[in-house]
file start.pdb (PDB, C-alpha atoms, pLDDT in the B column)
ATOM      1  CA  PRO V  86     -30.028  -8.473 -48.288  1.00 43.00           C
ATOM      2  CA  ASN V  87     -27.098  -6.152 -47.817  1.00 45.00           C
ATOM      3  CA  ARG V  88     -24.010  -7.647 -46.200  1.00 46.00           C
ATOM      4  CA  VAL V  89     -23.092  -6.239 -42.801  1.00 47.00           C
ATOM      5  CA  ASP V  90     -19.740  -4.453 -42.819  1.00 54.00           C
ATOM      6  CA  LEU V  91     -18.401  -5.882 -39.548  1.00 52.00           C
ATOM      7  CA  GLN V  92     -15.094  -4.068 -39.865  1.00 55.00           C
ATOM      8  CA  GLY V  93     -16.882  -0.769 -40.392  1.00 56.00           C
ATOM      9  CA  ILE V  94     -19.128  -1.320 -37.366  1.00 47.00           C
ATOM     10  CA  LEU V  95     -16.156  -2.174 -35.144  1.00 51.00           C
ATOM     11  CA  SER V  96     -14.249   0.858 -36.365  1.00 55.00           C
ATOM     12  CA  VAL V  97     -17.201   3.092 -35.443  1.00 48.00           C
ATOM     13  CA  ILE V  98     -17.579   1.487 -31.996  1.00 46.00           C
ATOM     14  CA  PHE V  99     -13.921   1.463 -30.996  1.00 49.00           C
ATOM     15  CA  LYS V 100     -12.615   4.472 -32.935  1.00 55.00           C
ATOM     16  CA  ARG V 101     -11.286   7.241 -30.727  1.00 56.00           C
ATOM     17  CA  ARG V 102     -13.149  10.544 -30.922  1.00 58.00           C
ATOM     18  CA  ASP V 103      -9.823  12.342 -30.755  1.00 59.00           C
ATOM     19  CA  PRO V 104      -7.291  10.324 -32.793  1.00 61.00           C
ATOM     20  CA  LYS V 105      -4.022   9.922 -30.888  1.00 60.00           C
ATOM     21  CA  THR V 106      -1.009  11.401 -32.647  1.00 64.00           C
ATOM     22  CA  TYR V 107       2.393   9.721 -32.645  1.00 55.00           C
ATOM     23  CA  LEU V 108       3.816  12.425 -30.373  1.00 58.00           C
ATOM     24  CA  ARG V 109       0.929  12.044 -27.935  1.00 61.00           C
ATOM     25  CA  ALA V 110       1.361   8.262 -27.875  1.00 56.00           C
ATOM     26  CA  VAL V 111       5.059   8.667 -27.036  1.00 51.00           C
ATOM     27  CA  VAL V 112       4.319  11.238 -24.317  1.00 53.00           C
ATOM     28  CA  GLU V 113       1.633   9.028 -22.721  1.00 56.00           C
ATOM     29  CA  PHE V 114       3.995   6.040 -22.845  1.00 48.00           C
ATOM     30  CA  LEU V 115       6.623   8.013 -20.932  1.00 49.00           C
ATOM     31  CA  TRP V 116       4.061   9.654 -18.635  1.00 52.00           C
ATOM     32  CA  PRO V 117       0.477   8.288 -18.485  1.00 57.00           C
ATOM     33  CA  ARG V 118      -2.433  10.700 -18.163  1.00 61.00           C
ATOM     34  CA  GLY V 119      -2.944  10.030 -14.476  1.00 58.00           C
ATOM     35  CA  GLY V 120       0.778   9.746 -13.749  1.00 58.00           C
ATOM     36  CA  TRP V 121       2.775   6.655 -12.879  1.00 52.00           C
ATOM     37  CA  THR V 122       1.458   6.670  -9.310  1.00 60.00           C
ATOM     38  CA  ARG V 123      -2.088   6.168 -10.548  1.00 61.00           C
ATOM     39  CA  ALA V 124      -0.924   3.531 -13.024  1.00 56.00           C
ATOM     40  CA  PHE V 125       0.894   1.693 -10.231  1.00 54.00           C
ATOM     41  CA  HIS V 126      -2.171   1.727  -7.965  1.00 58.00           C
ATOM     42  CA  TYR V 127      -4.364   0.498 -10.822  1.00 58.00           C
ATOM     43  CA  VAL V 128      -2.064  -2.451 -11.589  1.00 60.00           C
ATOM     44  CA  ARG V 129      -1.792  -3.278  -7.878  1.00 59.00           C
ATOM     45  CA  HIS V 130      -5.585  -3.157  -7.516  1.00 60.00           C
ATOM     46  CA  ARG V 131      -6.104  -5.452 -10.507  1.00 65.00           C
ATOM     47  CA  LEU V 132      -3.483  -7.900  -9.254  1.00 62.00           C
ATOM     48  CA  ARG V 133      -5.115  -8.226  -5.849  1.00 60.00           C
ATOM     49  CA  ARG V 134      -8.552  -8.869  -7.375  1.00 64.00           C
ATOM     50  CA  LEU V 135      -7.446 -11.690  -9.688  1.00 72.00           C
ATOM     51  CA  PRO V 136      -9.527 -14.842  -9.020  1.00 72.00           C
ATOM     52  CA  ASP V 137      -6.644 -17.154  -8.193  1.00 79.00           C
ATOM     53  CA  SER V 138      -4.565 -18.330  -5.241  1.00 87.00           C
ATOM     54  CA  PRO V 139      -1.993 -15.896  -3.779  1.00 88.00           C
ATOM     55  CA  GLU V 140       0.834 -18.274  -4.690  1.00 91.00           C
ATOM     56  CA  ARG V 141      -0.178 -18.542  -8.354  1.00 91.00           C
ATOM     57  CA  ILE V 142      -0.643 -14.782  -8.652  1.00 89.00           C
ATOM     58  CA  ALA V 143       2.733 -14.190  -6.988  1.00 91.00           C
ATOM     59  CA  ARG V 144       4.403 -16.656  -9.359  1.00 93.00           C
ATOM     60  CA  GLY V 145       2.899 -14.691 -12.235  1.00 92.00           C
ATOM     61  CA  ILE V 146       4.303 -11.475 -10.764  1.00 92.00           C
ATOM     62  CA  TRP V 147       7.697 -13.195 -10.475  1.00 95.00           C
ATOM     63  CA  ALA V 148       7.564 -14.084 -14.173  1.00 95.00           C
ATOM     64  CA  GLY V 149       6.636 -10.544 -15.191  1.00 94.00           C
ATOM     65  CA  VAL V 150       9.330  -8.898 -13.083  1.00 95.00           C
ATOM     66  CA  PHE V 151      11.913 -11.380 -14.347  1.00 96.00           C
ATOM     67  CA  ALA V 152      10.946 -10.631 -17.963  1.00 95.00           C
ATOM     68  CA  ALA V 153      11.327  -6.893 -17.325  1.00 94.00           C
ATOM     69  CA  PHE V 154      15.039  -7.434 -16.557  1.00 95.00           C
ATOM     70  CA  THR V 155      15.795  -9.135 -19.869  1.00 92.00           C
ATOM     71  CA  PRO V 156      17.163  -7.083 -22.794  1.00 89.00           C
ATOM     72  CA  PHE V 157      14.444  -8.378 -25.132  1.00 89.00           C
ATOM     73  CA  TYR V 158      12.280  -5.266 -24.819  1.00 83.00           C
ATOM     74  CA  THR V 159       9.759  -6.092 -27.524  1.00 84.00           C
ATOM     75  CA  LEU V 160       9.282  -9.631 -26.201  1.00 90.00           C
ATOM     76  CA  HIS V 161       8.659  -9.020 -22.489  1.00 91.00           C
ATOM     77  CA  PHE V 162       4.993 -10.078 -22.685  1.00 90.00           C
ATOM     78  CA  PHE V 163       5.858 -13.346 -24.451  1.00 92.00           C
ATOM     79  CA  ILE V 164       8.705 -14.119 -22.037  1.00 94.00           C
ATOM     80  CA  ALA V 165       6.430 -13.390 -19.066  1.00 93.00           C
ATOM     81  CA  ILE V 166       3.620 -15.622 -20.349  1.00 92.00           C
ATOM     82  CA  PHE V 167       6.010 -18.479 -21.173  1.00 94.00           C
ATOM     83  CA  THR V 168       7.740 -18.234 -17.781  1.00 95.00           C
ATOM     84  CA  ALA V 169       4.397 -18.075 -15.944  1.00 92.00           C
ATOM     85  CA  LYS V 170       3.175 -21.156 -17.819  1.00 92.00           C
ATOM     86  CA  VAL V 171       6.333 -23.093 -16.922  1.00 94.00           C
ATOM     87  CA  MET V 172       6.037 -22.015 -13.272  1.00 92.00           C
ATOM     88  CA  ARG V 173       2.256 -22.608 -13.192  1.00 92.00           C
ATOM     89  CA  GLY V 174       1.674 -18.991 -12.357  1.00 90.00           C
ATOM     90  CA  ASN V 175      -1.174 -16.678 -13.268  1.00 89.00           C
ATOM     91  CA  MET V 176      -0.544 -15.451 -16.829  1.00 87.00           C
ATOM     92  CA  LEU V 177      -2.523 -12.236 -16.458  1.00 86.00           C
ATOM     93  CA  ALA V 178      -0.489 -11.419 -13.355  1.00 87.00           C
ATOM     94  CA  SER V 179       2.674 -12.033 -15.367  1.00 89.00           C
ATOM     95  CA  LEU V 180       1.594  -9.454 -17.954  1.00 86.00           C
ATOM     96  CA  MET V 181       0.904  -6.921 -15.222  1.00 85.00           C
ATOM     97  CA  GLY V 182       4.230  -7.767 -13.600  1.00 88.00           C
ATOM     98  CA  THR V 183       6.089  -6.630 -16.712  1.00 89.00           C
ATOM     99  CA  PHE V 184       5.074  -3.070 -15.826  1.00 85.00           C
ATOM    100  CA  PHE V 185       7.837  -3.249 -13.229  1.00 88.00           C
ATOM    101  CA  GLY V 186       9.882  -2.207 -16.261  1.00 85.00           C
ATOM    102  CA  ASN V 187       8.759   1.256 -17.322  1.00 82.00           C
ATOM    103  CA  PRO V 188      10.404   4.531 -18.407  1.00 79.00           C
ATOM    104  CA  LEU V 189      11.088   5.359 -14.755  1.00 81.00           C
ATOM    105  CA  THR V 190      12.891   2.082 -14.037  1.00 86.00           C
ATOM    106  CA  TYR V 191      14.514   1.145 -17.355  1.00 85.00           C
ATOM    107  CA  VAL V 192      17.726   3.057 -16.577  1.00 86.00           C
ATOM    108  CA  PRO V 193      18.244   1.557 -13.070  1.00 91.00           C
ATOM    109  CA  ILE V 194      17.420  -1.898 -14.441  1.00 92.00           C
ATOM    110  CA  ALA V 195      19.886  -1.498 -17.316  1.00 88.00           C
ATOM    111  CA  VAL V 196      22.664  -0.190 -15.042  1.00 89.00           C
ATOM    112  CA  ALA V 197      22.165  -2.969 -12.467  1.00 92.00           C
ATOM    113  CA  SER V 198      22.008  -5.662 -15.158  1.00 92.00           C
ATOM    114  CA  LEU V 199      25.068  -4.394 -17.038  1.00 90.00           C
ATOM    115  CA  GLN V 200      27.198  -3.998 -13.927  1.00 91.00           C
ATOM    116  CA  THR V 201      26.175  -7.415 -12.617  1.00 94.00           C
ATOM    117  CA  GLY V 202      26.816  -9.020 -16.002  1.00 94.00           C
ATOM    118  CA  HIS V 203      30.272  -7.501 -16.411  1.00 92.00           C
ATOM    119  CA  TRP V 204      31.123  -8.477 -12.827  1.00 93.00           C
ATOM    120  CA  LEU V 205      30.080 -12.097 -13.417  1.00 93.00           C
ATOM    121  CA  LEU V 206      31.951 -12.250 -16.714  1.00 91.00           C
ATOM    122  CA  GLY V 207      35.074 -10.632 -15.261  1.00 90.00           C
ATOM    123  CA  THR V 208      34.929  -7.720 -17.700  1.00 85.00           C
ATOM    124  CA  GLU V 209      34.482  -3.989 -17.311  1.00 79.00           C
ATOM    125  CA  MET V 210      32.027  -1.608 -18.889  1.00 68.00           C
ATOM    126  CA  GLU V 211      34.006   1.053 -20.726  1.00 64.00           C
ATOM    127  CA  ALA V 212      31.371   3.531 -21.834  1.00 55.00           C
ATOM    128  CA  ASN V 213      33.674   5.542 -24.106  1.00 56.00           C
ATOM    129  CA  ALA V 214      35.741   2.677 -25.519  1.00 57.00           C
ATOM    130  CA  HIS V 215      35.321   2.482 -29.296  1.00 56.00           C
ATOM    131  CA  ARG V 216      32.180   4.613 -29.044  1.00 60.00           C
ATOM    132  CA  SER V 217      29.885   6.105 -26.432  1.00 60.00           C
ATOM    133  CA  PHE V 218      27.149   4.003 -24.838  1.00 59.00           C
ATOM    134  CA  GLY V 219      24.486   5.454 -27.138  1.00 62.00           C
ATOM    135  CA  GLY V 220      26.859   5.291 -30.079  1.00 66.00           C
ATOM    136  CA  LYS V 221      27.153   1.521 -29.707  1.00 69.00           C
ATOM    137  CA  PHE V 222      23.387   1.198 -30.066  1.00 66.00           C
ATOM    138  CA  ALA V 223      23.484   3.446 -33.130  1.00 71.00           C
ATOM    139  CA  ASP V 224      26.364   1.491 -34.674  1.00 69.00           C
ATOM    140  CA  ALA V 225      24.588  -1.825 -34.129  1.00 70.00           C
ATOM    141  CA  ALA V 226      21.366  -0.526 -35.683  1.00 72.00           C
ATOM    142  CA  TRP V 227      23.257   0.943 -38.669  1.00 71.00           C
ATOM    143  CA  ASP V 228      25.261  -2.277 -39.158  1.00 73.00           C
ATOM    144  CA  LEU V 229      22.102  -4.369 -39.106  1.00 73.00           C
ATOM    145  CA  GLY V 230      20.371  -2.300 -41.762  1.00 73.00           C
ATOM    146  CA  HIS V 231      23.525  -1.918 -43.862  1.00 69.00           C
ATOM    147  CA  ASN V 232      24.394  -5.620 -43.750  1.00 72.00           C
ATOM    148  CA  LEU V 233      20.879  -6.740 -44.644  1.00 75.00           C
ATOM    149  CA  LYS V 234      21.063  -4.468 -47.658  1.00 74.00           C
ATOM    150  CA  SER V 235      24.571  -5.721 -48.473  1.00 75.00           C
ATOM    151  CA  VAL V 236      23.502  -9.371 -48.332  1.00 70.00           C
ATOM    152  CA  TRP V 237      20.580  -8.629 -50.636  1.00 74.00           C
ATOM    153  CA  MET V 238      22.802  -6.750 -53.102  1.00 73.00           C
ATOM    154  CA  GLY V 239      25.768  -9.107 -52.839  1.00 70.00           C
ATOM    155  CA  GLN V 240      28.091  -6.533 -51.279  1.00 73.00           C
ATOM    156  CA  GLU V 241      30.663  -6.920 -48.484  1.00 72.00           C
ATOM    157  CA  THR V 242      29.297  -6.877 -44.928  1.00 72.00           C
ATOM    158  CA  ASP V 243      30.787  -5.383 -41.784  1.00 70.00           C
ATOM    159  CA  TRP V 244      29.663  -6.703 -38.393  1.00 72.00           C
ATOM    160  CA  ARG V 245      32.086  -4.795 -36.151  1.00 73.00           C
ATOM    161  CA  GLY V 246      29.446  -2.478 -34.687  1.00 73.00           C
ATOM    162  CA  ILE V 247      27.140  -5.370 -33.844  1.00 76.00           C
ATOM    163  CA  SER V 248      30.064  -7.364 -32.416  1.00 78.00           C
ATOM    164  CA  VAL V 249      31.029  -4.518 -30.075  1.00 77.00           C
ATOM    165  CA  PHE V 250      27.384  -4.047 -29.070  1.00 81.00           C
ATOM    166  CA  TYR V 251      26.919  -7.770 -28.391  1.00 84.00           C
ATOM    167  CA  PHE V 252      30.022  -8.348 -26.260  1.00 85.00           C
ATOM    168  CA  GLU V 253      30.024  -5.034 -24.376  1.00 84.00           C
ATOM    169  CA  ILE V 254      26.302  -4.434 -23.876  1.00 86.00           C
ATOM    170  CA  PHE V 255      23.849  -7.133 -24.945  1.00 88.00           C
ATOM    171  CA  PHE V 256      25.523 -10.283 -23.582  1.00 92.00           C
ATOM    172  CA  PRO V 257      26.525  -8.758 -20.204  1.00 92.00           C
ATOM    173  CA  TYR V 258      23.030  -7.222 -19.956  1.00 91.00           C
ATOM    174  CA  MET V 259      21.414 -10.618 -20.613  1.00 93.00           C
ATOM    175  CA  ILE V 260      23.588 -12.463 -18.052  1.00 95.00           C
ATOM    176  CA  GLY V 261      23.219  -9.750 -15.424  1.00 95.00           C
ATOM    177  CA  GLY V 262      19.505  -9.339 -16.166  1.00 94.00           C
ATOM    178  CA  ILE V 263      18.846 -13.031 -15.556  1.00 95.00           C
ATOM    179  CA  ILE V 264      20.531 -12.891 -12.139  1.00 95.00           C
ATOM    180  CA  THR V 265      19.051  -9.564 -11.014  1.00 95.00           C
ATOM    181  CA  GLY V 266      15.658 -10.570 -12.436  1.00 95.00           C
ATOM    182  CA  ILE V 267      15.676 -13.760 -10.368  1.00 96.00           C
ATOM    183  CA  VAL V 268      16.671 -11.862  -7.214  1.00 96.00           C
ATOM    184  CA  VAL V 269      14.176  -9.001  -7.605  1.00 95.00           C
ATOM    185  CA  GLY V 270      11.437 -11.352  -8.803  1.00 95.00           C
ATOM    186  CA  THR V 271      11.914 -13.553  -5.733  1.00 96.00           C
ATOM    187  CA  ILE V 272      11.728 -10.518  -3.447  1.00 96.00           C
ATOM    188  CA  CYS V 273       8.489  -9.436  -5.153  1.00 93.00           C
ATOM    189  CA  TYR V 274       7.111 -12.975  -4.784  1.00 95.00           C
ATOM    190  CA  TYR V 275       7.625 -13.126  -1.019  1.00 95.00           C
ATOM    191  CA  ILE V 276       6.233  -9.616  -0.591  1.00 92.00           C
ATOM    192  CA  SER V 277       3.195 -10.308  -2.784  1.00 89.00           C
ATOM    193  CA  VAL V 278       1.996 -13.596  -1.234  1.00 91.00           C
ATOM    194  CA  PRO V 279       1.069 -12.274   2.257  1.00 91.00           C
ATOM    195  CA  LEU V 280      -0.301  -9.010   0.856  1.00 87.00           C
ATOM    196  CA  ILE V 281      -2.553 -10.752  -1.668  1.00 86.00           C
ATOM    197  CA  ARG V 282      -3.659 -13.348   0.909  1.00 88.00           C
ATOM    198  CA  ALA V 283      -4.548 -10.632   3.445  1.00 86.00           C
ATOM    199  CA  TYR V 284      -6.475  -8.662   0.820  1.00 83.00           C
ATOM    200  CA  GLN V 285      -8.390 -11.734  -0.342  1.00 81.00           C
ATOM    201  CA  HIS V 286      -9.323 -12.652   3.227  1.00 81.00           C
ATOM    202  CA  ARG V 287     -10.494  -9.113   3.930  1.00 80.00           C
ATOM    203  CA  ARG V 288     -12.470  -9.033   0.688  1.00 75.00           C
ATOM    204  CA  LYS V 289     -14.106 -12.362   1.532  1.00 71.00           C
ATOM    205  CA  GLY V 290     -15.064 -10.935   4.917  1.00 76.00           C
ATOM    206  CA  VAL V 291     -16.596  -7.839   3.301  1.00 74.00           C
ATOM    207  CA  ILE V 292     -18.546  -9.953   0.787  1.00 74.00           C
ATOM    208  CA  LYS V 293     -19.729 -12.279   3.560  1.00 75.00           C
ATOM    209  CA  ALA V 294     -20.851  -9.320   5.678  1.00 77.00           C
ATOM    210  CA  LYS V 295     -22.798  -7.872   2.731  1.00 78.00           C
ATOM    211  CA  PHE V 296     -24.399 -11.254   2.081  1.00 78.00           C
ATOM    212  CA  GLU V 297     -25.402 -11.630   5.728  1.00 77.00           C
ATOM    213  CA  ALA V 298     -26.844  -8.099   5.707  1.00 79.00           C
ATOM    214  CA  LEU V 299     -28.887  -8.869   2.591  1.00 80.00           C
ATOM    215  CA  LYS V 300     -29.996 -12.159   4.138  1.00 76.00           C
ATOM    216  CA  ALA V 301     -31.072 -10.438   7.344  1.00 77.00           C
ATOM    217  CA  LYS V 302     -32.884  -7.742   5.368  1.00 80.00           C
ATOM    218  CA  ALA V 303     -34.753 -10.346   3.333  1.00 79.00           C
ATOM    219  CA  ALA V 304     -35.648 -12.276   6.497  1.00 76.00           C
ATOM    220  CA  ALA V 305     -36.926  -9.115   8.186  1.00 76.00           C
ATOM    221  CA  LYS V 306     -38.973  -8.251   5.119  1.00 79.00           C
ATOM    222  CA  ALA V 307     -40.443 -11.753   4.988  1.00 76.00           C
ATOM    223  CA  ASP V 308     -41.218 -11.631   8.722  1.00 75.00           C
ATOM    224  CA  ALA V 309     -42.927  -8.250   8.375  1.00 75.00           C
ATOM    225  CA  LYS V 310     -44.996  -9.576   5.471  1.00 74.00           C
ATOM    226  CA  ARG V 311     -45.974 -12.654   7.467  1.00 75.00           C
ATOM    227  CA  LYS V 312     -47.048 -10.534  10.445  1.00 72.00           C
ATOM    228  CA  ALA V 313     -49.082  -8.285   8.169  1.00 73.00           C
ATOM    229  CA  GLU V 314     -50.830 -11.302   6.674  1.00 70.00           C
ATOM    230  CA  ASP V 315     -51.534 -12.713  10.173  1.00 69.00           C
ATOM    231  CA  ALA V 316     -52.982  -9.390  11.288  1.00 71.00           C
ATOM    232  CA  THR V 317     -55.205  -9.243   8.216  1.00 72.00           C
ATOM    233  CA  ALA V 318     -56.390 -12.814   8.833  1.00 70.00           C
ATOM    234  CA  GLN V 319     -57.263 -12.026  12.487  1.00 70.00           C
ATOM    235  CA  GLU V 320     -59.278  -8.953  11.454  1.00 67.00           C
ATOM    236  CA  LYS V 321     -61.351 -11.106   9.120  1.00 61.00           C
TER     237      LYS V 321
END
call {"tool": "encode", "arguments": {"input": "start.pdb", "output": "structure tokens"}}
result
Amino acid sequence: PNRVDLQGILSVIFKRRDPKTYLRAVVEFLWPRGGWTRAFHYVRHRLRRLPDSPERIARGIWAGVFAAFTPFYTLHFFIAIFTAKVMRGNMLASLMGTFFGNPLTYVPIAVASLQTGHWLLGTEMEANAHRSFGGKFADAAWDLGHNLKSVWMGQETDWRGISVFYFEIFFPYMIGGIITGIVVGTICYYISVPLIRAYQHRRKGVIKAKFEALKAKAAAKADAKRKAEDATAQEK
């Protein structure tokens, strides 16, 4: 018998009818199809319907929001899951909580984290010292690629760009992000607990009312059937 091409079947099932281009993917990342308002309401709806206690869900949200304030942008999901596991929070809620960091909030988060970090460290953010803010990112990226190549080829390395980036941006961002992430995450926790609890209670009431209605309907149907059978028996 012919072997089943599982990969081919899956590609047919899950392949998009209209392949997404790189430009379209970037545009939808910055602005989803339904807008960020719709995305926010969807995440909020999914969070409230998670089958877990309000406290565990809120701890998961705390972990996700905290992760969004760290400078490790490609690792937010992993940080959120690890933090939620340590805190015994809901891991799915932690993943949803990371959406607190999005293209609309990245700039305010970065500014708050950097300013807080420099304030705690007793330093000042000089945007145009050595290079502009964006230039420091570019220098660090160029240094990283250049030095990896230099190490491989046995040439001299130069870490000045990365050093400036680390001490003026990354390290203050990390310190400030930890503090602001804890503060904002805690605020989100105390806001989320009563909201999720109220929603779960209301949902339980709605489900109970539907169940009682179905029960009453079934009882009425059974009673009508019984009366019909009694009437038929009396006629005989």
call {"tool": "closest_residue", "arguments": {"input": "start.pdb", "among": "V:Phe162, V:Phe184, V:Phe296, V:Trp204", "to": "Tyr258 (chain V)", "atoms": "all atoms listed in the file"}}
result
V:Trp204
call {"tool": "atom_distance", "arguments": {"input": "start.pdb", "atom1": "CA of Ser198 (chain V)", "atom2": "CA of Thr155 (chain V)"}}
result
8.5 Å
call {"tool": "residues_around", "arguments": {"input": "start.pdb", "residues": "Phe151 (chain V)", "least_positions_apart": "3", "cutoff": "8 Å", "atoms": "only C-alpha atoms", "output": "PyMOL selection string"}}
result
chain V and resi 147-148+154-155+165+183+263+266-267+269-270
call {"tool": "closest_residue", "arguments": {"input": "start.pdb", "among": "V:Glu209, V:Val196, V:Lys289, V:Ser248", "to": "Asp228 (chain V)", "atoms": "all atoms listed in the file"}}
result
V:Ser248
call {"tool": "closest_residue", "arguments": {"input": "start.pdb", "among": "V:Tyr274, V:Phe157, V:Tyr191, V:Trp227", "to": "Gly246 (chain V)", "atoms": "only C-alpha atoms"}}
result
V:Trp227
call {"tool": "resolve_selection", "arguments": {"input": "start.pdb", "expression": "the PyMOL selection byres ((chain V and resi 247) around 12)", "output": "list in words"}}
result
Gly220, Lys221, Phe222, Ala223, Asp224, Ala225, Ala226, Trp227, Asp228, Leu229, Gly230, His231, Asn232, Thr242, Asp243, Trp244, Arg245, Gly246, Ser248, Val249, Phe250, Tyr251, Phe252, Glu253, Ile254, Phe255 and Phe256 of chain V
call {"tool": "atom_distance", "arguments": {"input": "start.pdb", "atom1": "CA of Thr168 (chain V)", "atom2": "CA of Ala195 (chain V)"}}
result
20.7 Å
call {"tool": "residues_around", "arguments": {"input": "start.pdb", "residues": "Ile276 (chain V)", "least_positions_apart": "6", "cutoff": "12 Å", "atoms": "only C-alpha atoms", "output": "PyMOL selection string"}}
result
chain V and resi 139-140+142-144+146-147+269-270+282-283
call {"tool": "axis_aligned_box", "arguments": {"input": "start.pdb", "around": "region 228-244 of chain V", "padding_each_side": "3 Å", "output": "lines of an AutoDock Vina configuration file"}}
result
center_x = 25.6
center_y = -5.6
center_z = -45.7
size_x = 16.4
size_y = 13.5
size_z = 20.7
call {"tool": "residues_near_point", "arguments": {"input": "start.pdb", "point": "(11.5, -4.9, -16.5)", "cutoff": "6 Å", "atoms": "all atoms listed in the file", "output": "JSON list (two decimals) with C-alpha atoms, in the frame of the given file"}}
result
[["chain", "number", "residue", "atom", "x", "y", "z"],
["V", 150, "VAL", "CA", 9.33, -8.90, -13.08],
["V", 152, "ALA", "CA", 10.95, -10.63, -17.96],
["V", 153, "ALA", "CA", 11.33, -6.89, -17.32],
["V", 154, "PHE", "CA", 15.04, -7.43, -16.56],
["V", 183, "THR", "CA", 6.09, -6.63, -16.71],
["V", 185, "PHE", "CA", 7.84, -3.25, -13.23],
["V", 186, "GLY", "CA", 9.88, -2.21, -16.26]]
call {"tool": "closest_residue", "arguments": {"input": "start.pdb", "among": "V:Gly290, V:Gly145, V:Gly239, V:Gly207", "to": "Ala169 (chain V)", "atoms": "all atoms listed in the file"}}
result
V:Gly145
call {"tool": "atom_distance", "arguments": {"input": "start.pdb", "atom1": "CA of Ala304 (chain V)", "atom2": "CA of Ile292 (chain V)"}}
result
18.2 Å
call {"tool": "residues_near_point", "arguments": {"input": "start.pdb", "point": "(21.7, -7.7, -16.1)", "cutoff": "7 Å", "atoms": "all atoms listed in the file", "output": "list in words"}}
result
Phe154, Ala195, Ala197, Ser198, Leu199, Gln200, Thr201, Gly202, Pro257, Tyr258, Met259, Ile260, Gly261, Gly262, Ile263, Ile264 and Thr265 of chain V
call {"tool": "build_atoms", "arguments": {"input": "start.pdb", "residues": "region 156-168 of chain V", "atoms": "N, CA, C and O atoms", "output": "short mmCIF file (atom, residue, chain, number, x, y, z; two decimals), in the frame of the given file"}}
result
data_model
loop_
_atom_site.label_atom_id
_atom_site.label_comp_id
_atom_site.auth_asym_id
_atom_site.auth_seq_id
_atom_site.Cartn_x
_atom_site.Cartn_y
_atom_site.Cartn_z
N PRO V 156 16.96 -8.13 -21.78
CA PRO V 156 17.16 -7.08 -22.79
C PRO V 156 16.26 -7.22 -24.01
O PRO V 156 16.39 -6.44 -24.95
N PHE V 157 15.34 -8.17 -23.99
CA PHE V 157 14.44 -8.38 -25.13
C PHE V 157 13.19 -7.52 -24.96
O PHE V 157 12.10 -8.02 -24.66
N TYR V 158 13.33 -6.21 -25.17
CA TYR V 158 12.28 -5.27 -24.82
C TYR V 158 10.97 -5.50 -25.55
O TYR V 158 9.91 -5.32 -24.97
N THR V 159 11.01 -5.90 -26.78
CA THR V 159 9.76 -6.09 -27.52
C THR V 159 9.12 -7.45 -27.25
O THR V 159 8.03 -7.73 -27.76
N LEU V 160 9.78 -8.27 -26.45
CA LEU V 160 9.28 -9.63 -26.20
C LEU V 160 8.94 -9.88 -24.73
O LEU V 160 8.76 -11.03 -24.34
N HIS V 161 8.88 -8.84 -23.92
CA HIS V 161 8.66 -9.02 -22.49
C HIS V 161 7.36 -9.76 -22.20
O HIS V 161 7.30 -10.62 -21.31
N PHE V 162 6.28 -9.42 -22.91
CA PHE V 162 4.99 -10.08 -22.68
C PHE V 162 5.09 -11.58 -22.97
O PHE V 162 4.59 -12.40 -22.20
N PHE V 163 5.74 -11.94 -24.08
CA PHE V 163 5.86 -13.35 -24.45
C PHE V 163 6.73 -14.11 -23.46
O PHE V 163 6.41 -15.24 -23.08
N ILE V 164 7.82 -13.48 -23.02
CA ILE V 164 8.70 -14.12 -22.04
C ILE V 164 7.95 -14.31 -20.72
O ILE V 164 8.06 -15.36 -20.08
N ALA V 165 7.18 -13.31 -20.33
CA ALA V 165 6.43 -13.39 -19.07
C ALA V 165 5.39 -14.51 -19.12
O ALA V 165 5.26 -15.30 -18.18
N ILE V 166 4.65 -14.59 -20.22
CA ILE V 166 3.62 -15.62 -20.35
C ILE V 166 4.26 -17.01 -20.36
O ILE V 166 3.77 -17.94 -19.69
N PHE V 167 5.34 -17.18 -21.11
CA PHE V 167 6.01 -18.48 -21.17
C PHE V 167 6.54 -18.88 -19.80
O PHE V 167 6.36 -20.03 -19.36
N THR V 168 7.19 -17.94 -19.11
CA THR V 168 7.74 -18.23 -17.78
C THR V 168 6.64 -18.57 -16.79
O THR V 168 6.76 -19.50 -15.99
#
